[in-house]
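As provided, protein.cif (mmCIF, C-alpha atoms) reads as follows.
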```cif
data_structure
loop_
_atom_site.label_atom_id
_atom_site.label_comp_id
_atom_site.auth_asym_id
_atom_site.auth_seq_id
_atom_site.Cartn_x
_atom_site.Cartn_y
_atom_site.Cartn_z
CA MET F 724 -110.97 -34.12 75.35
CA SER F 725 -109.29 -34.95 72.07
CA ASP F 726 -109.19 -32.58 69.10
CA LYS F 727 -111.54 -34.91 67.23
CA GLU F 728 -114.06 -34.81 70.08
CA VAL F 729 -113.89 -31.02 70.25
CA LYS F 730 -114.62 -30.79 66.53
CA ARG F 731 -117.54 -33.20 66.83
CA LYS F 732 -119.07 -31.12 69.62
CA LEU F 733 -118.55 -27.98 67.58
CA ASP F 734 -120.24 -29.56 64.56
CA ALA F 735 -123.19 -30.60 66.73
CA LEU F 736 -123.46 -27.07 68.15
CA ILE F 737 -123.47 -25.62 64.63
CA VAL F 738 -126.18 -28.03 63.49
CA ARG F 739 -128.38 -27.11 66.47
CA ASN F 740 -127.95 -23.37 65.85
CA ILE F 741 -127.64 -23.11 62.06
CA GLY F 742 -130.78 -21.00 61.72
CA ASP F 743 -129.47 -18.37 64.12
CA LEU F 744 -126.01 -18.51 62.55
CA GLU F 745 -127.39 -17.96 59.05
CA ALA F 746 -129.57 -15.08 60.26
CA SER F 747 -126.62 -13.54 62.10
CA LEU F 748 -124.41 -13.73 59.04
CA ARG F 749 -127.05 -12.14 56.81
CA ARG F 750 -127.62 -9.37 59.36
CA ALA F 751 -123.89 -8.69 59.62
CA GLN F 752 -123.48 -8.54 55.84
CA THR F 753 -126.54 -6.43 55.06
CA GLN F 754 -126.83 -4.12 58.08
CA ILE F 755 -123.96 -4.22 60.57
CA ASP F 756 -121.15 -3.94 58.01
CA SER F 757 -122.73 -0.92 56.38
CA ALA F 758 -123.36 0.91 59.64
CA LEU F 759 -119.89 0.23 61.04
CA ASN F 760 -118.00 1.03 57.85
CA GLY F 761 -119.95 4.23 57.36
CA SER F 762 -119.27 5.38 60.91
CA ALA F 763 -115.57 4.52 60.58
CA TRP F 764 -115.30 6.53 57.36
CA ASP F 765 -117.03 9.50 59.00
CA ALA F 766 -114.64 9.29 61.97
CA LEU F 767 -111.67 9.35 59.61
CA LYS F 768 -113.02 12.39 57.78
CA ALA F 769 -113.74 14.19 61.04
CA THR F 770 -110.16 13.74 62.25
CA LEU F 771 -108.26 14.50 59.05
CA GLY F 772 -110.64 17.19 57.84
CA GLU F 773 -111.77 17.79 54.27
CA ARG F 774 -109.87 21.03 53.75
CA ASP F 775 -106.49 19.34 53.30
CA TRP F 776 -107.69 15.84 52.42
CA HIS F 777 -109.81 14.54 49.56
CA PHE F 778 -112.17 11.63 50.27
CA GLU F 779 -113.62 9.50 47.49
CA ASP F 780 -116.84 8.04 48.87
CA ASP F 781 -118.18 4.67 47.83
CA ARG F 782 -120.28 1.88 49.26
CA GLU F 783 -117.50 -0.55 50.20
CA PRO F 784 -114.18 0.13 51.98
CA ASP F 785 -112.16 -1.39 49.15
CA ASP F 786 -113.69 1.16 46.75
CA ARG F 787 -113.19 4.20 48.98
CA TRP F 788 -109.94 6.12 49.01
CA PHE F 789 -108.45 9.33 50.32
CA ALA F 790 -105.33 11.41 49.78
CA PRO F 791 -103.86 14.81 50.53
CA ARG F 792 -105.41 17.38 48.22
CA GLN F 793 -101.95 18.42 47.06
CA TRP F 794 -101.56 14.96 45.51
CA LEU F 795 -104.61 15.32 43.23
CA ASP F 796 -104.09 15.66 39.50
CA LYS F 797 -106.19 17.75 37.11
CA GLU F 798 -108.81 15.00 36.89
CA GLY F 799 -109.16 14.80 40.67
CA ASP F 800 -107.36 11.47 40.98
CA ALA F 801 -104.36 10.70 43.15
CA ASP F 802 -101.45 8.30 42.84
CA PRO F 803 -100.50 7.12 45.39
CA TRP F 804 -103.47 7.21 47.76
CA PHE F 805 -104.71 5.64 51.02
CA ARG F 806 -107.51 3.30 51.98
CA LEU F 807 -109.17 2.40 55.27
CA MET F 808 -109.36 -1.38 54.99
CA PRO F 809 -107.49 -4.58 55.88
CA LEU F 810 -104.39 -5.55 53.95
CA ASP F 811 -105.72 -9.12 53.74
CA ARG F 812 -109.38 -9.15 52.73
CA ALA F 813 -110.03 -11.77 50.06
CA ASN F 814 -110.93 -15.26 51.29
CA VAL F 815 -110.46 -14.32 54.96
CA PHE F 816 -113.89 -13.48 56.42
CA GLU F 817 -117.45 -13.32 55.13
CA THR F 818 -118.02 -9.96 56.83
CA TRP F 819 -116.18 -6.69 57.32
CA LEU F 820 -117.26 -6.86 60.97
CA ALA F 821 -114.93 -9.79 61.63
CA HIS F 822 -111.95 -7.69 60.55
CA TYR F 823 -112.84 -5.20 63.29
CA VAL F 824 -113.50 -7.65 66.13
CA ALA F 825 -111.81 -10.97 65.29
CA PRO F 826 -108.62 -10.46 63.22
CA ALA F 827 -105.99 -13.16 63.66
CA ASP F 828 -103.07 -10.86 62.82
CA ASP F 829 -102.17 -7.33 61.77
CA ARG F 830 -102.77 -8.06 58.08
CA GLN F 831 -106.43 -8.85 58.86
CA LYS F 832 -107.03 -5.69 60.88
CA PHE F 833 -108.57 -2.55 59.46
CA SER F 834 -105.62 -0.32 58.63
CA LEU F 835 -104.62 2.92 57.01
CA LEU F 836 -103.22 1.36 53.88
CA TRP F 837 -100.80 3.06 51.45
CA CYS F 838 -101.65 2.22 47.83
CA TRP F 839 -100.12 3.00 44.45
CA HIS F 840 -100.37 1.83 40.83
CA ARG F 841 -97.64 -0.78 40.81
CA PHE F 842 -97.71 -1.11 37.02
CA TYR F 843 -96.76 2.56 36.69
CA VAL F 844 -93.56 2.12 38.68
CA THR F 845 -90.73 0.58 36.69
CA ASP F 846 -88.21 0.34 39.51
CA TYR F 847 -89.83 0.26 42.91
CA LYS F 848 -86.66 -1.00 44.59
CA ALA F 849 -84.66 2.01 43.43
CA ALA F 850 -87.41 4.40 44.53
CA ALA F 851 -87.60 2.73 47.95
CA GLU F 852 -83.82 2.87 48.36
CA ALA F 853 -83.82 6.58 47.51
CA ALA F 854 -86.54 7.13 50.13
CA ALA F 855 -85.05 4.82 52.78
CA VAL F 856 -84.86 7.58 55.38
CA GLU F 857 -88.49 8.52 54.77
CA ILE F 858 -89.67 4.91 54.98
CA GLU F 859 -87.82 4.42 58.25
CA ALA F 860 -89.47 7.57 59.62
CA ILE F 861 -92.87 6.21 58.59
CA ARG F 862 -92.13 2.92 60.32
CA SER F 863 -90.95 4.71 63.46
CA LEU F 864 -94.40 6.26 63.75
CA GLY F 865 -96.03 2.82 63.90
CA PHE F 866 -96.62 1.83 60.29
CA ARG F 867 -95.84 -1.78 59.47
CA GLN F 868 -93.82 -2.75 56.41
CA ASP F 869 -94.55 -6.07 54.75
CA GLY F 870 -92.56 -6.29 51.52
CA ARG F 871 -93.77 -3.34 49.49
CA GLU F 872 -96.79 -2.76 51.71
CA LEU F 873 -96.94 0.03 54.29
CA PHE F 874 -99.94 -0.02 56.60
CA LEU F 875 -100.99 1.14 60.06
CA PRO F 876 -103.11 -1.58 61.74
CA ILE F 877 -105.88 -0.34 64.02
CA GLU F 878 -106.81 -2.16 67.22
CA PHE F 879 -110.50 -2.05 68.18
CA ASP F 880 -112.19 -3.14 71.40
CA PRO F 881 -114.85 -5.71 70.39
CA GLU F 882 -116.90 -4.97 73.51
CA ALA F 883 -116.87 -1.24 72.74
CA ILE F 884 -118.15 -1.99 69.23
CA ALA F 885 -120.88 -4.21 70.69
CA ARG F 886 -121.93 -1.39 73.05
CA ALA F 887 -121.98 1.01 70.11
CA PHE F 888 -124.62 -1.09 68.42
CA GLU F 889 -126.63 -1.22 71.65
CA THR F 890 -126.55 2.54 72.15
CA GLY F 891 -126.25 3.80 68.59
CA ASP F 892 -123.25 5.92 69.60
CA PHE F 893 -120.01 4.90 67.84
CA LYS F 894 -117.78 7.68 69.18
CA GLU F 895 -115.95 5.66 71.85
CA ALA F 896 -115.71 2.49 69.77
CA LEU F 897 -114.10 4.32 66.86
CA GLU F 898 -111.63 6.44 68.81
CA PRO F 899 -108.81 4.23 67.43
CA ILE F 900 -109.65 5.59 63.95
CA GLY F 901 -108.95 9.12 65.14
CA ALA F 902 -105.72 8.04 66.83
CA ALA F 903 -104.54 6.33 63.62
CA ALA F 904 -105.49 9.39 61.55
CA ASN F 905 -103.38 11.57 63.84
CA VAL F 906 -100.41 9.26 63.24
CA LEU F 907 -100.97 9.57 59.50
CA SER F 908 -100.97 13.35 59.84
CA GLN F 909 -97.50 13.10 61.34
CA ALA F 910 -96.34 10.70 58.62
CA VAL F 911 -97.78 12.42 55.57
CA GLU F 912 -94.72 14.58 54.89
CA HIS F 913 -92.60 11.43 54.73
CA PHE F 914 -95.12 9.75 52.43
CA THR F 915 -95.00 12.84 50.21
CA SER F 916 -91.23 12.50 49.89
CA PHE F 917 -91.54 8.78 49.14
CA ARG F 918 -94.22 9.56 46.58
CA ALA F 919 -91.84 11.94 44.82
CA GLN F 920 -89.34 9.12 44.40
CA LEU F 921 -92.01 6.76 43.04
CA LEU F 922 -93.24 9.32 40.53
CA LYS F 923 -89.70 9.64 39.20
CA LYS F 924 -89.89 5.94 38.29
CA ARG F 925 -93.15 6.11 36.36
CA ARG F 926 -93.23 4.64 32.89
#
```
Please, can you express the file's structure as structure tokens?
Amino acid sequence: MSDKEVKRKLDALIVRNIGDLEASLRRAQTQIDSALNGSAWDALKATLGERDWHFEDDREPDDRWFAPRQWLDKEGDADPWFRLMPLDRANVFETWLAHYVAPADDRQKFSLLWCWHRFYVTDYKAAAEAAAVEIEAIRSLGFRQDGRELFLPIEFDPEAIARAFETGDFKEALEPIGAAANVLSQAVEHFTSFRAQLLKKRR
């Protein structure tokens, strides 16, 4: 079967099932995303603990953040900080769910993502060079480096997530969150040293 024929059959299948597809998309956006993201955030909190870590709650993953409490300033903010979200989000999928169960690469996977205010750092390259040993230690623990980005992609079992929605129990499906959080706990001292170099380069 040629590529053109495959696409024609796919188009016909979509036409025949568009009602179910639209309903599925709405359900994923309005119900499934919220339940899954909330459970993932709770799993992260449970592993890291709120004694040593501050968690800024919000409705969407790209508005939530967390950081070691020792990084907080007098106003309760932190720079840098971490997020639980994909590195590539915009214009990739219509749902958060797809990032859990159908990512095409590591950049599309939910990750523990290192963030900082880039416009506050006048010489990132110099800061990174000064922290080269720390960055290498972070990478050795499993974090990926993509340019200036450092992130730990998390691999989920789509079938385990499907079972979680059948049973209402997300513990097994979200075990990878706990495993990733444990890696971050090992890496945080190296991130703290890297942070010190970045703060030296603030404007």
Identify, on the basis of all atoms listed in the file, every residue whose closest approach to segment 822-837 of chain F does not exceed 9 Å; exclude the query and any residue fewer than 2 positions from it along the same chain; express the result as a PyMOL selection string.
chain F and resi 803-812+815-816+818-820+839+866-867+872-882+884+900+903-904+907+914
Which residue is closest to Pro791 of chain F? Choose from F:Thr915, F:His840, F:Leu736, F:Gln920 and count all atoms listed in the file.
F:Thr915
Mind pulling up the distance from atom CA of Leu921 of chain F to atom CA of Ala849 of chain F?
8.8 Å
For atom CA of Phe917 of chain F and atom CA of Ala854 of chain F, determine how far apart the two atoms are, in Å to one decimal place.
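Here the two named atoms are 5.4 Å from each other.
The gap separating atom CA of Ala790 of chain F from atom CA of Asp775 of chain F is 8.8 Å, in Å to one decimal.
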Ref. answer, residues at most 7 Å from (-113.9, 8.0, 48.4) with only C-alpha atoms, as number ranges by chain:
F: 778-781, 787-789
Which residue is closest to Asp765 of chain F? Choose from F:Ala910, F:Arg918, F:Ala751, F:Phe893 and count all atoms listed in the file.
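Nearest to Asp765 of chain F: F:Phe893.
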Expand the PyMOL selection byres ((chain F and resi 894) around 12) into the individual residues it matches in the shown file, reporting them as a PyMOL selection string.
chain F and resi 759+762-763+765-767+769-770+883-884+886-888+890-893+895-901
Expected file: the selected residues, C-alpha atoms, as a tab-separated table (two decimals), in the frame of the given file:
```
chain	number	residue	atom	x	y	z
F	759	LEU	CA	-119.89	0.23	61.04
F	762	SER	CA	-119.27	5.38	60.91
F	763	ALA	CA	-115.57	4.52	60.58
F	765	ASP	CA	-117.03	9.50	59.00
F	766	ALA	CA	-114.64	9.29	61.97
F	767	LEU	CA	-111.67	9.35	59.61
F	769	ALA	CA	-113.74	14.19	61.04
F	770	THR	CA	-110.16	13.74	62.25
F	883	ALA	CA	-116.87	-1.24	72.74
F	884	ILE	CA	-118.15	-1.99	69.23
F	886	ARG	CA	-121.93	-1.39	73.05
F	887	ALA	CA	-121.98	1.01	70.11
F	888	PHE	CA	-124.62	-1.09	68.42
F	890	THR	CA	-126.55	2.54	72.15
F	891	GLY	CA	-126.25	3.80	68.59
F	892	ASP	CA	-123.25	5.92	69.60
F	893	PHE	CA	-120.01	4.90	67.84
F	895	GLU	CA	-115.95	5.66	71.85
F	896	ALA	CA	-115.71	2.49	69.77
F	897	LEU	CA	-114.10	4.32	66.86
F	898	GLU	CA	-111.63	6.44	68.81
F	899	PRO	CA	-108.81	4.23	67.43
F	900	ILE	CA	-109.65	5.59	63.95
F	901	GLY	CA	-108.95	9.12	65.14
```
F:Tyr847, F:Glu817, F:Trp764, F:Glu912 ranked by distance to Leu748 of chain F, top pick (using only C-alpha atoms):
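Under the stated criterion, the closest residue is F:Glu817.
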Point (-94.2, 6.1, 37.8), cut-off 7 Å, counting all atoms listed in the file, residues as a VMD selection string:
chain F and resid 843 to 845 921 to 926
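If only C-alpha atoms are the atoms counted, then among F:Glu783, F:Asn740, F:Leu864, F:Ile858 the closest residue to Thr753 of chain F is F:Glu783.
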Pick from F:Leu771, F:Arg871, F:Gln754, F:Asp846 nearest to Val906 of chain F, counting only C-alpha atoms
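The shortest atom-to-atom distance to Val906 of chain F comes from F:Leu771.
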For a quick check of understanding, using all atoms listed in the file, which of F:Ala885, F:Ile755, F:Ala851, F:Ala735 has the smallest distance to Gly870 of chain F?
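The answer is F:Ala851, which sits nearest to Gly870 of chain F.
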